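Please read the structure below before turning to the comments.
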Amino acid sequence: MNFAVYFALLGWVLSPAPARPKLVVVITVDQLRPDYFTRWKAQLTGGLGQLATEGAFFTDGYQDHAVTETAPGHSTILSGMWPAHTGIIRNSEGVQDSLAPLIGTTGAGASPRRFRGTTLFDWLKAADPMARALSVSRKDRGAILPIGHAKEQVYWYQSGLFTTSRYYADSLPSWVQVFNARRLPFKAANTTWSLLLPDSAYKEADNEVWENGGAGVVFPHVLPADSIRAAAAIAGVPAMDSLTLLFALEGFEALRLGRKGTDLLAVSLSTTDAVGHAFGPDSREIHDQVLRLDHYLAWFLKRLTDRVGRDNVVIVLTADHGVTSFPERTRAKGGTAYRVSLDTLITAVNHELDRLAGAGGAPREWLEFDTGMLFLRDNGRFAALGVKTDSILDVLTTRIARFQGVARVIKPADLARADTASDPVARRWLHHLPPDAGVVLTVTLQAGSVWDVPNSPIAMHGQPSEDDSHVPIIFWGKGIRPGSYAGRTNTVDIAPTLGALLGVSPLSLVDGHARTEALGPRN
Ligand SMILES: [Zn+2]
């Protein structure tokens, strides 16, 4: 043993390890841009404002990967790994699992089967076998991915109920059944979402044609009179976040989290995403949603700190991605932005390959395109056709690059030569793609342009752009040194930083770094 190690160990043995906080709370706001904190700063007098002003705010926070969607974003936050290593690279192949059906309701089964690696909770559990986790969201992926494979208390919302899947349990515990029996989402029928503050507090125009598919664009927004339809529609209004936080708090009480060892409470709040998609990041609706979220979080954080003590809690607040304005709005303001679809092109190439193969019957999928990634299906079939995939990809690269709104078409093999310091797009693709994902081309749009969603003229995210990848990262509470911290910090840094704070080590390789400058006593 060398002397440095010896003295480090001696120091560790002689100085009592600082007590771990009893509760780690990780709040992920689905689709939250950091500029919201500055735009409405004076009005954020609740939980968001408290965390931002009293905590360590990393102002250059990023989900530093390419396909800025919910599943990849949530997979980075407590794993410390890029999607290239978590294996979660898109929503459509995120947590879906038909072998893990839901309990007590119908809907798509879900599990962390595709997730690779470990998370902060696994590291904590290895150090403290008594540690427990509760993870809650409106969305299955928002609840599942923050804690990876751990079979803990994991619940999400489906058709008016909070549920889990067979991956986690065979039945719902009584506190969940009691909560569901109150049928709160069904009682939201006919309720109204109106502005929290007087009209004059909102600078945004309310009546904008590009919002919400052109219908129901102004306040107040009223939920359907039918209770089953209301329980579905509640997902699109602020009350859903309030319901999610209420459920999380009741779980926290029922499980008596934070009373013995160190427990993890993860909450992912989805309404900002729903409102942001429907009304956009410049709307009066998103302004009011963020004010209401601020309000709800004040209530939630006070209940937690009243119960376990302010000095026993550490809180992280971040987001899974940002969002881009409606292209229609950008054009109305004199900018250039498009909704881009490659569907017709890819379908035509698939048909052409069918024709070459002489296949009868239904067309086969040789190539699949999803949110900027072109996947090759079954390389062997191309070889059997005698078609060189490289030549197809060269032709496609040229044709895709001509689409209005497309900025870059890059082959994954060419990414390795990019300067990752000066080329954030290439860096984010490198961070995104596992070598075995089958991605043969990446397509990045110009800033402001979005992938078209058929028949759904919504505001979108999913690009490796500033608007979509820039997110708030805030630490607050025990062991956190408050302040504003500049310099790029990524969501993969969150788990290593919490690990350093808790004195637990990653159980697998991580991509992030502990931001130790924010740890320690207050200055
Ligand atoms: Zn979204």
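So you can find residues: chains in the structure tokens are A, B, ... in the order shown, residues in each start at 1, and ligands are numbered from 1 in order.
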Protein and nucleic acid residues within 7 Å of ligand 1 (only C-alpha atoms and all ligand atoms) as a PyMOL selection string:
chain A and resi 31+69-70+273-274+277+460-461
Each segment 296-387 of chain A residue no farther than 12 Å from segment 421-434 of chain A, nearest pair in Å, only C-alpha atoms, as a Markdown table:
| residue | atom | partner | partner_atom | distance |
| --- | --- | --- | --- | --- |
| A:Gly372 | CA | A:Trp429 | CA | 10.0 |
| A:Met373 | CA | A:Leu433 | CA | 9.4 |
| A:Leu374 | CA | A:Leu433 | CA | 11.6 |
| A:Phe375 | CA | A:Leu433 | CA | 11.4 |
What would the file look like if the residues just selected were written as a PDB file, in the first residue's frame with N, CA, C and O atoms?
ATOM      1  N   GLY A 372     -34.595  10.693 -36.614  1.00  0.00           N
ATOM      2  CA  GLY A 372     -33.218  11.000 -37.005  1.00  0.00           C
ATOM      3  C   GLY A 372     -32.313   9.797 -37.173  1.00  0.00           C
ATOM      4  O   GLY A 372     -31.148   9.946 -37.541  1.00  0.00           O
ATOM      5  N   MET A 373     -32.834   8.606 -36.883  1.00  0.00           N
ATOM      6  CA  MET A 373     -31.991   7.401 -36.987  1.00  0.00           C
ATOM      7  C   MET A 373     -32.526   6.486 -38.086  1.00  0.00           C
ATOM      8  O   MET A 373     -33.705   6.117 -38.078  1.00  0.00           O
ATOM      9  N   LEU A 374     -31.644   6.120 -39.014  1.00  0.00           N
ATOM     10  CA  LEU A 374     -32.015   5.137 -40.038  1.00  0.00           C
ATOM     11  C   LEU A 374     -31.451   3.782 -39.612  1.00  0.00           C
ATOM     12  O   LEU A 374     -30.234   3.628 -39.425  1.00  0.00           O
ATOM     13  N   PHE A 375     -32.360   2.824 -39.447  1.00  0.00           N
ATOM     14  CA  PHE A 375     -31.976   1.469 -39.026  1.00  0.00           C
ATOM     15  C   PHE A 375     -32.004   0.531 -40.228  1.00  0.00           C
ATOM     16  O   PHE A 375     -32.932   0.585 -41.031  1.00  0.00           O
TER      17      PHE A 375
END
Kindly assemble as a tab-separated table a list of the segment 408-483 of chain A residues that lie within 7 Å of segment 324-348 of chain A, each paired with its nearest atom pair and their distance in Å to one decimal, using only C-alpha atoms, sorted first by chain and then by ascending residue number.
residue	atom	partner	partner_atom	distance
A:Gly448	CA	A:Ala337	CA	5.1
A:Ser449	CA	A:Ala337	CA	4.6
A:Val450	CA	A:Arg339	CA	5.1
A:Trp451	CA	A:Val340	CA	5.0
A:Asp452	CA	A:Arg339	CA	4.9
A:Ile458	CA	A:Phe326	CA	6.9
A:Ala459	CA	A:Phe326	CA	4.8
A:Met460	CA	A:Thr324	CA	5.7
A:His461	CA	A:Thr324	CA	5.7
A:Asp467	CA	A:Thr324	CA	5.6
A:Asp468	CA	A:Thr324	CA	6.2
Mind checking DSSP for segment 104-191 of chain A and telling me the alpha helix (DSSP H) residues as a VMD selection string?
chain A and resid 120 to 127 140 to 144 174 to 181
Extract, using only C-alpha atoms, all DNA, RNA and protein residues at most 9 Å from Gly477 of chain A, discarding same-chain residues fewer than 5 positions from it, and format them as an mmCIF file with all heavy atoms, in the first residue's frame.
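File written: part_39.cif
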data_model
loop_
_atom_site.group_PDB
_atom_site.id
_atom_site.type_symbol
_atom_site.label_atom_id
_atom_site.label_comp_id
_atom_site.auth_asym_id
_atom_site.auth_seq_id
_atom_site.Cartn_x
_atom_site.Cartn_y
_atom_site.Cartn_z
ATOM 1 N N PRO A 21 -27.700 11.893 4.076
ATOM 2 C CA PRO A 21 -29.087 12.367 4.188
ATOM 3 C C PRO A 21 -30.022 11.160 4.192
ATOM 4 O O PRO A 21 -29.708 10.116 3.625
ATOM 5 C CB PRO A 21 -29.280 13.231 2.937
ATOM 6 C CG PRO A 21 -28.130 12.931 2.043
ATOM 7 C CD PRO A 21 -27.032 12.355 2.865
ATOM 8 N N LEU A 51 -35.858 26.064 -5.046
ATOM 9 C CA LEU A 51 -34.724 25.219 -5.440
ATOM 10 C C LEU A 51 -33.706 26.046 -6.243
ATOM 11 O O LEU A 51 -32.493 25.916 -6.051
ATOM 12 C CB LEU A 51 -35.200 24.026 -6.269
ATOM 13 C CG LEU A 51 -36.112 23.032 -5.537
ATOM 14 C CD1 LEU A 51 -36.588 21.945 -6.487
ATOM 15 C CD2 LEU A 51 -35.403 22.399 -4.331
ATOM 16 N N GLU A 54 -32.059 28.796 -3.678
ATOM 17 C CA GLU A 54 -31.335 28.267 -2.511
ATOM 18 C C GLU A 54 -30.367 27.141 -2.864
ATOM 19 O O GLU A 54 -29.563 26.747 -2.030
ATOM 20 C CB GLU A 54 -32.332 27.722 -1.475
ATOM 21 C CG GLU A 54 -33.258 28.762 -0.889
ATOM 22 C CD GLU A 54 -34.279 28.139 0.060
ATOM 23 O OE1 GLU A 54 -34.230 26.912 0.328
ATOM 24 O OE2 GLU A 54 -35.142 28.897 0.522
ATOM 25 N N GLY A 55 -30.462 26.600 -4.068
ATOM 26 C CA GLY A 55 -29.678 25.426 -4.417
ATOM 27 C C GLY A 55 -28.437 25.746 -5.221
ATOM 28 O O GLY A 55 -28.073 26.901 -5.422
ATOM 29 N N ARG A 310 -35.273 19.304 7.279
ATOM 30 C CA ARG A 310 -34.574 19.947 6.165
ATOM 31 C C ARG A 310 -33.134 19.450 6.032
ATOM 32 O O ARG A 310 -32.608 19.341 4.936
ATOM 33 C CB ARG A 310 -34.572 21.456 6.455
ATOM 34 C CG ARG A 310 -34.754 22.341 5.267
ATOM 35 C CD ARG A 310 -34.705 23.789 5.737
ATOM 36 N NE ARG A 310 -33.897 24.554 4.807
ATOM 37 C CZ ARG A 310 -34.404 25.325 3.852
ATOM 38 N NH1 ARG A 310 -35.699 25.455 3.713
ATOM 39 N NH2 ARG A 310 -33.606 25.973 3.025
ATOM 40 N N ASP A 311 -32.508 19.128 7.166
ATOM 41 C CA ASP A 311 -31.104 18.705 7.127
ATOM 42 C C ASP A 311 -30.936 17.235 6.755
ATOM 43 O O ASP A 311 -29.821 16.722 6.733
ATOM 44 C CB ASP A 311 -30.442 18.953 8.489
ATOM 45 C CG ASP A 311 -30.158 20.423 8.688
ATOM 46 O OD1 ASP A 311 -30.147 21.166 7.668
ATOM 47 O OD2 ASP A 311 -29.968 20.840 9.843
ATOM 48 N N ASN A 312 -32.040 16.571 6.520
ATOM 49 C CA ASN A 312 -31.954 15.150 6.152
ATOM 50 C C ASN A 312 -32.291 14.893 4.692
ATOM 51 O O ASN A 312 -32.431 13.745 4.276
ATOM 52 C CB ASN A 312 -32.921 14.334 7.019
ATOM 53 C CG ASN A 312 -32.384 14.162 8.423
ATOM 54 O OD1 ASN A 312 -31.181 13.979 8.604
ATOM 55 N ND2 ASN A 312 -33.254 14.237 9.404
ATOM 56 N N VAL A 313 -32.460 15.967 3.916
ATOM 57 C CA VAL A 313 -32.937 15.810 2.538
ATOM 58 C C VAL A 313 -31.947 16.406 1.550
ATOM 59 O O VAL A 313 -31.380 17.467 1.792
ATOM 60 C CB VAL A 313 -34.297 16.534 2.340
ATOM 61 C CG1 VAL A 313 -34.847 16.270 0.935
ATOM 62 C CG2 VAL A 313 -35.304 16.086 3.381
ATOM 63 N N VAL A 314 -31.744 15.714 0.438
ATOM 64 C CA VAL A 314 -31.074 16.322 -0.710
ATOM 65 C C VAL A 314 -32.024 16.154 -1.893
ATOM 66 O O VAL A 314 -32.652 15.102 -2.062
ATOM 67 C CB VAL A 314 -29.674 15.730 -0.963
ATOM 68 C CG1 VAL A 314 -29.736 14.241 -1.274
ATOM 69 C CG2 VAL A 314 -28.984 16.458 -2.102
ATOM 70 N N ILE A 315 -32.159 17.231 -2.664
ATOM 71 C CA ILE A 315 -33.118 17.237 -3.777
ATOM 72 C C ILE A 315 -32.380 17.577 -5.067
ATOM 73 O O ILE A 315 -31.511 18.455 -5.075
ATOM 74 C CB ILE A 315 -34.232 18.282 -3.538
ATOM 75 C CG1 ILE A 315 -35.009 17.943 -2.261
ATOM 76 C CG2 ILE A 315 -35.188 18.360 -4.737
ATOM 77 C CD1 ILE A 315 -36.010 19.013 -1.833
ATOM 78 N N VAL A 316 -32.730 16.873 -6.132
ATOM 79 C CA VAL A 316 -32.241 17.227 -7.469
ATOM 80 C C VAL A 316 -33.461 17.562 -8.314
ATOM 81 O O VAL A 316 -34.482 16.876 -8.236
ATOM 82 C CB VAL A 316 -31.489 16.049 -8.129
ATOM 83 C CG1 VAL A 316 -31.126 16.389 -9.581
ATOM 84 C CG2 VAL A 316 -30.245 15.707 -7.339
ATOM 85 N N PRO A 482 -24.706 26.125 -2.114
ATOM 86 C CA PRO A 482 -25.567 26.883 -3.027
ATOM 87 C C PRO A 482 -24.766 27.793 -3.953
ATOM 88 O O PRO A 482 -23.626 28.147 -3.640
ATOM 89 C CB PRO A 482 -26.443 27.733 -2.094
ATOM 90 C CG PRO A 482 -26.259 27.167 -0.736
ATOM 91 C CD PRO A 482 -24.928 26.498 -0.709
#
How would you write, as number ranges by chain, the set of residues in segment 87-234 of chain A that DSSP gives as strand (DSSP E)?
A: 133-137, 153-158, 161-163, 192-193, 221-222
Write out the residues from the selection above, keeping all heavy atoms, as a compact mmCIF listing (two decimals), in the first residue's frame.
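This is the output file out_24.txt:
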# COMPACT_ATOMS: atom_id res chain seq x y z
N ALA A 133 -36.69 2.41 -2.54
CA ALA A 133 -36.99 3.44 -3.54
C ALA A 133 -38.47 3.43 -3.88
O ALA A 133 -39.10 2.37 -3.95
CB ALA A 133 -36.17 3.22 -4.80
N LEU A 134 -38.99 4.64 -4.09
CA LEU A 134 -40.33 4.82 -4.65
C LEU A 134 -40.17 5.72 -5.86
O LEU A 134 -39.58 6.80 -5.76
CB LEU A 134 -41.25 5.49 -3.61
CG LEU A 134 -42.61 6.01 -4.14
CD1 LEU A 134 -43.48 4.87 -4.66
CD2 LEU A 134 -43.35 6.78 -3.03
N SER A 135 -40.64 5.26 -7.02
CA SER A 135 -40.53 6.05 -8.24
C SER A 135 -41.90 6.17 -8.88
O SER A 135 -42.58 5.16 -9.10
CB SER A 135 -39.53 5.40 -9.21
OG SER A 135 -39.30 6.25 -10.32
N VAL A 136 -42.31 7.40 -9.18
CA VAL A 136 -43.68 7.69 -9.60
C VAL A 136 -43.67 8.62 -10.80
O VAL A 136 -42.88 9.56 -10.86
CB VAL A 136 -44.44 8.38 -8.43
CG1 VAL A 136 -45.81 8.83 -8.88
CG2 VAL A 136 -44.55 7.45 -7.24
N SER A 137 -44.56 8.37 -11.75
CA SER A 137 -44.72 9.28 -12.87
C SER A 137 -46.09 9.07 -13.50
O SER A 137 -46.75 8.06 -13.26
CB SER A 137 -43.64 9.02 -13.92
OG SER A 137 -43.82 9.85 -15.06
N GLN A 153 -40.64 0.03 -5.51
CA GLN A 153 -42.00 0.53 -5.64
C GLN A 153 -42.03 1.51 -6.82
O GLN A 153 -41.55 2.63 -6.70
CB GLN A 153 -42.40 1.26 -4.35
CG GLN A 153 -42.24 0.44 -3.09
CD GLN A 153 -43.35 -0.58 -2.93
OE1 GLN A 153 -44.52 -0.27 -3.14
NE2 GLN A 153 -42.98 -1.79 -2.57
N VAL A 154 -42.57 1.07 -7.95
CA VAL A 154 -42.54 1.86 -9.19
C VAL A 154 -43.96 1.92 -9.76
O VAL A 154 -44.56 0.88 -10.05
CB VAL A 154 -41.57 1.22 -10.21
CG1 VAL A 154 -41.54 2.03 -11.50
CG2 VAL A 154 -40.17 1.12 -9.62
N TYR A 155 -44.50 3.14 -9.86
CA TYR A 155 -45.92 3.29 -10.27
C TYR A 155 -46.08 4.37 -11.31
O TYR A 155 -45.38 5.38 -11.29
CB TYR A 155 -46.78 3.64 -9.04
CG TYR A 155 -46.67 2.59 -7.96
CD1 TYR A 155 -45.83 2.79 -6.87
CD2 TYR A 155 -47.38 1.39 -8.05
CE1 TYR A 155 -45.69 1.82 -5.89
CE2 TYR A 155 -47.25 0.41 -7.08
CZ TYR A 155 -46.40 0.63 -6.00
OH TYR A 155 -46.26 -0.33 -5.05
N TRP A 156 -47.03 4.14 -12.22
CA TRP A 156 -47.37 5.15 -13.21
C TRP A 156 -48.87 5.13 -13.46
O TRP A 156 -49.58 4.27 -12.93
CB TRP A 156 -46.57 4.95 -14.49
CG TRP A 156 -46.72 3.60 -15.13
CD1 TRP A 156 -47.62 3.25 -16.09
CD2 TRP A 156 -45.95 2.41 -14.86
NE1 TRP A 156 -47.45 1.93 -16.45
CE2 TRP A 156 -46.44 1.39 -15.71
CE3 TRP A 156 -44.89 2.11 -13.99
CZ2 TRP A 156 -45.91 0.09 -15.70
CZ3 TRP A 156 -44.37 0.83 -13.98
CH2 TRP A 156 -44.87 -0.17 -14.83
N TYR A 157 -49.31 6.11 -14.27
CA TYR A 157 -50.73 6.36 -14.44
C TYR A 157 -51.26 5.70 -15.70
O TYR A 157 -50.63 5.79 -16.76
CB TYR A 157 -50.94 7.88 -14.53
CG TYR A 157 -52.37 8.34 -14.60
CD1 TYR A 157 -53.16 8.39 -13.45
CD2 TYR A 157 -52.93 8.77 -15.80
CE1 TYR A 157 -54.46 8.85 -13.51
CE2 TYR A 157 -54.23 9.23 -15.86
CZ TYR A 157 -54.99 9.27 -14.71
OH TYR A 157 -56.28 9.72 -14.76
N GLN A 158 -52.38 5.04 -15.56
CA GLN A 158 -52.99 4.41 -16.74
C GLN A 158 -54.50 4.40 -16.56
O GLN A 158 -55.01 3.81 -15.60
CB GLN A 158 -52.44 2.97 -16.89
CG GLN A 158 -53.06 2.18 -18.03
CD GLN A 158 -52.62 2.71 -19.40
OE1 GLN A 158 -51.46 3.07 -19.58
NE2 GLN A 158 -53.54 2.78 -20.34
N LEU A 161 -55.95 5.27 -13.12
CA LEU A 161 -55.40 4.58 -11.95
C LEU A 161 -53.87 4.68 -11.94
O LEU A 161 -53.25 4.83 -12.99
CB LEU A 161 -55.76 3.09 -12.00
CG LEU A 161 -57.22 2.72 -12.15
CD1 LEU A 161 -57.34 1.22 -12.44
CD2 LEU A 161 -57.98 3.09 -10.89
N PHE A 162 -53.29 4.57 -10.76
CA PHE A 162 -51.85 4.32 -10.68
C PHE A 162 -51.64 2.81 -10.60
O PHE A 162 -52.34 2.11 -9.87
CB PHE A 162 -51.23 5.03 -9.48
CG PHE A 162 -50.98 6.49 -9.76
CD1 PHE A 162 -51.93 7.44 -9.42
CD2 PHE A 162 -49.82 6.91 -10.40
CE1 PHE A 162 -51.72 8.79 -9.71
CE2 PHE A 162 -49.59 8.25 -10.68
CZ PHE A 162 -50.55 9.19 -10.34
N THR A 163 -50.69 2.33 -11.40
CA THR A 163 -50.48 0.89 -11.49
C THR A 163 -48.98 0.60 -11.58
O THR A 163 -48.15 1.51 -11.59
CB THR A 163 -51.22 0.31 -12.71
OG1 THR A 163 -51.09 -1.12 -12.70
CG2 THR A 163 -50.63 0.83 -14.01
N THR A 192 -62.26 22.97 -14.53
CA THR A 192 -61.75 24.02 -15.41
C THR A 192 -60.31 24.36 -15.06
O THR A 192 -59.96 24.45 -13.88
CB THR A 192 -62.62 25.28 -15.22
OG1 THR A 192 -63.94 24.96 -15.65
CG2 THR A 192 -62.11 26.44 -16.04
N TRP A 193 -59.48 24.52 -16.09
CA TRP A 193 -58.14 25.06 -15.91
C TRP A 193 -58.20 26.53 -16.33
O TRP A 193 -58.37 26.84 -17.49
CB TRP A 193 -57.12 24.29 -16.76
CG TRP A 193 -55.75 24.90 -16.81
CD1 TRP A 193 -55.19 25.78 -15.92
CD2 TRP A 193 -54.75 24.67 -17.81
NE1 TRP A 193 -53.92 26.12 -16.30
CE2 TRP A 193 -53.62 25.45 -17.45
CE3 TRP A 193 -54.70 23.89 -18.96
CZ2 TRP A 193 -52.45 25.47 -18.22
CZ3 TRP A 193 -53.55 23.89 -19.72
CH2 TRP A 193 -52.43 24.68 -19.35
N HIS A 221 -59.70 26.29 -20.01
CA HIS A 221 -59.77 24.97 -20.65
C HIS A 221 -60.59 24.06 -19.74
O HIS A 221 -60.30 23.95 -18.55
CB HIS A 221 -58.37 24.41 -20.84
CG HIS A 221 -57.51 25.28 -21.72
ND1 HIS A 221 -57.64 25.28 -23.08
CD2 HIS A 221 -56.55 26.18 -21.43
CE1 HIS A 221 -56.77 26.14 -23.61
NE2 HIS A 221 -56.10 26.71 -22.62
N VAL A 222 -61.61 23.44 -20.32
CA VAL A 222 -62.54 22.65 -19.49
C VAL A 222 -62.38 21.17 -19.82
O VAL A 222 -62.32 20.78 -21.00
CB VAL A 222 -64.00 23.08 -19.77
CG1 VAL A 222 -64.96 22.32 -18.85
CG2 VAL A 222 -64.15 24.59 -19.57
Please provide the set of residues having any atom within 9 Å of Ser227 of chain A, restricted to only C-alpha atoms, with same-chain residues fewer than 4 positions apart removed, written as a PDB file with C-alpha atoms, in the first residue's frame.
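So the final result, stored in out31.pdb, reads:
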ATOM      1  CA  PRO A 185     -59.127  11.595 -11.912  1.00  0.00           C
ATOM      2  CA  PHE A 186     -62.727  10.614 -12.716  1.00  0.00           C
ATOM      3  CA  LYS A 187     -64.005  13.346 -10.406  1.00  0.00           C
ATOM      4  CA  ALA A 188     -62.104  15.873 -12.543  1.00  0.00           C
ATOM      5  CA  ALA A 189     -64.972  15.744 -15.094  1.00  0.00           C
ATOM      6  CA  ASN A 190     -66.145  19.256 -15.996  1.00  0.00           C
ATOM      7  CA  ALA A 231     -59.561  10.701 -16.491  1.00  0.00           C
ATOM      8  CA  ALA A 232     -57.749  10.516 -19.843  1.00  0.00           C
TER       9      ALA A 232
END
What's around Arg33 of chain A at 9 Å? Count only C-alpha atoms, leave out sequence neighbours fewer than 2 positions away in its own chain, and write the answer as JSON, numbers by chain.
{"A": [31, 35, 36, 37, 281, 319, 321, 322, 323, 467, 468, 469, 470, 471, 472]}
Would you export the selected residues with all heavy atoms as a compact mmCIF listing (two decimals), in the first residue's frame, please?
# COMPACT_ATOMS: atom_id res chain seq x y z
N GLN A 31 -39.80 17.83 -20.13
CA GLN A 31 -39.80 19.00 -21.04
C GLN A 31 -39.73 20.32 -20.27
O GLN A 31 -40.71 21.06 -20.19
CB GLN A 31 -41.03 18.99 -21.96
CG GLN A 31 -40.92 19.96 -23.12
CD GLN A 31 -42.19 20.14 -23.92
OE1 GLN A 31 -42.78 21.19 -23.89
NE2 GLN A 31 -42.61 19.10 -24.65
N ASP A 35 -34.66 28.49 -19.64
CA ASP A 35 -35.06 29.90 -19.80
C ASP A 35 -36.38 30.21 -19.09
O ASP A 35 -36.67 31.37 -18.80
CB ASP A 35 -35.12 30.30 -21.28
CG ASP A 35 -36.10 29.47 -22.08
OD1 ASP A 35 -35.96 28.24 -22.10
OD2 ASP A 35 -37.03 30.05 -22.69
N TYR A 36 -37.18 29.19 -18.77
CA TYR A 36 -38.41 29.45 -18.03
C TYR A 36 -38.10 30.06 -16.65
O TYR A 36 -38.88 30.86 -16.14
CB TYR A 36 -39.24 28.16 -17.82
CG TYR A 36 -39.74 27.48 -19.08
CD1 TYR A 36 -40.30 26.20 -19.02
CD2 TYR A 36 -39.67 28.10 -20.32
CE1 TYR A 36 -40.78 25.57 -20.15
CE2 TYR A 36 -40.13 27.46 -21.47
CZ TYR A 36 -40.67 26.19 -21.38
OH TYR A 36 -41.15 25.55 -22.50
N PHE A 37 -36.96 29.65 -16.08
CA PHE A 37 -36.60 30.17 -14.76
C PHE A 37 -36.31 31.67 -14.82
O PHE A 37 -36.57 32.39 -13.87
CB PHE A 37 -35.37 29.44 -14.20
CG PHE A 37 -35.68 28.07 -13.66
CD1 PHE A 37 -35.70 26.97 -14.50
CD2 PHE A 37 -35.96 27.88 -12.32
CE1 PHE A 37 -35.98 25.71 -14.02
CE2 PHE A 37 -36.25 26.62 -11.82
CZ PHE A 37 -36.26 25.52 -12.68
N PRO A 281 -43.66 26.36 -26.26
CA PRO A 281 -42.88 26.98 -25.18
C PRO A 281 -43.09 28.48 -25.06
O PRO A 281 -42.53 29.09 -24.14
CB PRO A 281 -41.44 26.65 -25.57
CG PRO A 281 -41.47 26.50 -27.05
CD PRO A 281 -42.83 25.93 -27.38
N ALA A 319 -34.51 17.91 -16.02
CA ALA A 319 -35.50 17.61 -17.05
C ALA A 319 -34.94 16.56 -18.00
O ALA A 319 -33.72 16.40 -18.11
CB ALA A 319 -35.86 18.88 -17.83
N HIS A 321 -35.58 16.66 -21.29
CA HIS A 321 -35.31 17.34 -22.56
C HIS A 321 -35.97 18.70 -22.52
O HIS A 321 -36.77 18.99 -21.61
CB HIS A 321 -35.84 16.54 -23.76
CG HIS A 321 -37.29 16.16 -23.64
ND1 HIS A 321 -38.31 17.08 -23.79
CD2 HIS A 321 -37.89 14.98 -23.34
CE1 HIS A 321 -39.47 16.47 -23.61
NE2 HIS A 321 -39.25 15.20 -23.32
N GLY A 322 -35.67 19.55 -23.52
CA GLY A 322 -36.35 20.83 -23.68
C GLY A 322 -37.42 20.73 -24.76
O GLY A 322 -38.07 19.69 -24.88
N VAL A 323 -37.57 21.79 -25.56
CA VAL A 323 -38.57 21.77 -26.64
C VAL A 323 -38.28 22.91 -27.62
O VAL A 323 -37.68 23.91 -27.25
CB VAL A 323 -40.00 21.88 -26.06
CG1 VAL A 323 -40.25 23.24 -25.44
CG2 VAL A 323 -41.06 21.57 -27.12
N ASP A 467 -32.21 24.21 -28.05
CA ASP A 467 -33.55 24.26 -27.45
C ASP A 467 -33.97 22.93 -26.83
O ASP A 467 -34.64 22.90 -25.81
CB ASP A 467 -34.60 24.63 -28.52
CG ASP A 467 -34.63 26.14 -28.78
OD1 ASP A 467 -34.03 26.90 -28.01
OD2 ASP A 467 -35.25 26.53 -29.78
N ASP A 468 -33.60 21.83 -27.47
CA ASP A 468 -34.07 20.51 -27.01
C ASP A 468 -33.16 19.87 -25.96
O ASP A 468 -33.61 19.00 -25.20
CB ASP A 468 -34.20 19.55 -28.20
CG ASP A 468 -35.36 19.91 -29.11
OD1 ASP A 468 -36.08 20.88 -28.82
OD2 ASP A 468 -35.54 19.22 -30.14
N SER A 469 -31.87 20.24 -25.96
CA SER A 469 -30.93 19.53 -25.07
C SER A 469 -30.57 20.31 -23.80
O SER A 469 -30.09 19.72 -22.84
CB SER A 469 -29.64 19.17 -25.82
OG SER A 469 -28.97 20.34 -26.24
N HIS A 470 -30.79 21.62 -23.82
CA HIS A 470 -30.44 22.45 -22.65
C HIS A 470 -31.49 22.27 -21.56
O HIS A 470 -32.67 22.54 -21.81
CB HIS A 470 -30.34 23.91 -23.09
CG HIS A 470 -29.69 24.81 -22.10
ND1 HIS A 470 -29.61 26.16 -22.26
CD2 HIS A 470 -29.07 24.55 -20.92
CE1 HIS A 470 -28.98 26.70 -21.24
NE2 HIS A 470 -28.65 25.75 -20.41
N VAL A 471 -31.08 21.83 -20.39
CA VAL A 471 -32.03 21.56 -19.29
C VAL A 471 -31.49 22.14 -17.99
O VAL A 471 -30.28 22.32 -17.84
CB VAL A 471 -32.28 20.03 -19.10
CG1 VAL A 471 -32.97 19.44 -20.31
CG2 VAL A 471 -30.98 19.29 -18.79
N PRO A 472 -32.36 22.44 -17.04
CA PRO A 472 -31.87 22.86 -15.73
C PRO A 472 -31.30 21.66 -14.96
O PRO A 472 -31.82 20.54 -15.10
CB PRO A 472 -33.12 23.41 -15.04
CG PRO A 472 -34.27 22.76 -15.73
CD PRO A 472 -33.82 22.43 -17.12
Contact residues around Arg488 of chain A with only C-alpha atoms at 9 Å, ignoring same-chain residues under 4 positions, as a ChimeraX atom specification
/A:58-62
In Å, how far is it from atom CA of Ala254 of chain A to atom CA of Ala108 of chain A?
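According to the coordinates, atom CA of Ala254 of chain A and atom CA of Ala108 of chain A are separated by 27.2 Å.
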Selection near Val510 of chain A, 12 Å with only C-alpha atoms, sequence-local residues under 6 positions removed, as a ChimeraX atom specification:
/A:76-86,116-120,123,491-497,499
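With distances restricted to only C-alpha atoms, A:Gly280 is the closest residue to Asp206 of chain A from A:Gly160, A:Pro224, A:Gly236, A:Gly280.
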Atom pair atom CA of Leu301 of chain A / atom CA of Leu246 of chain A: separation (Å):
11.4 Å
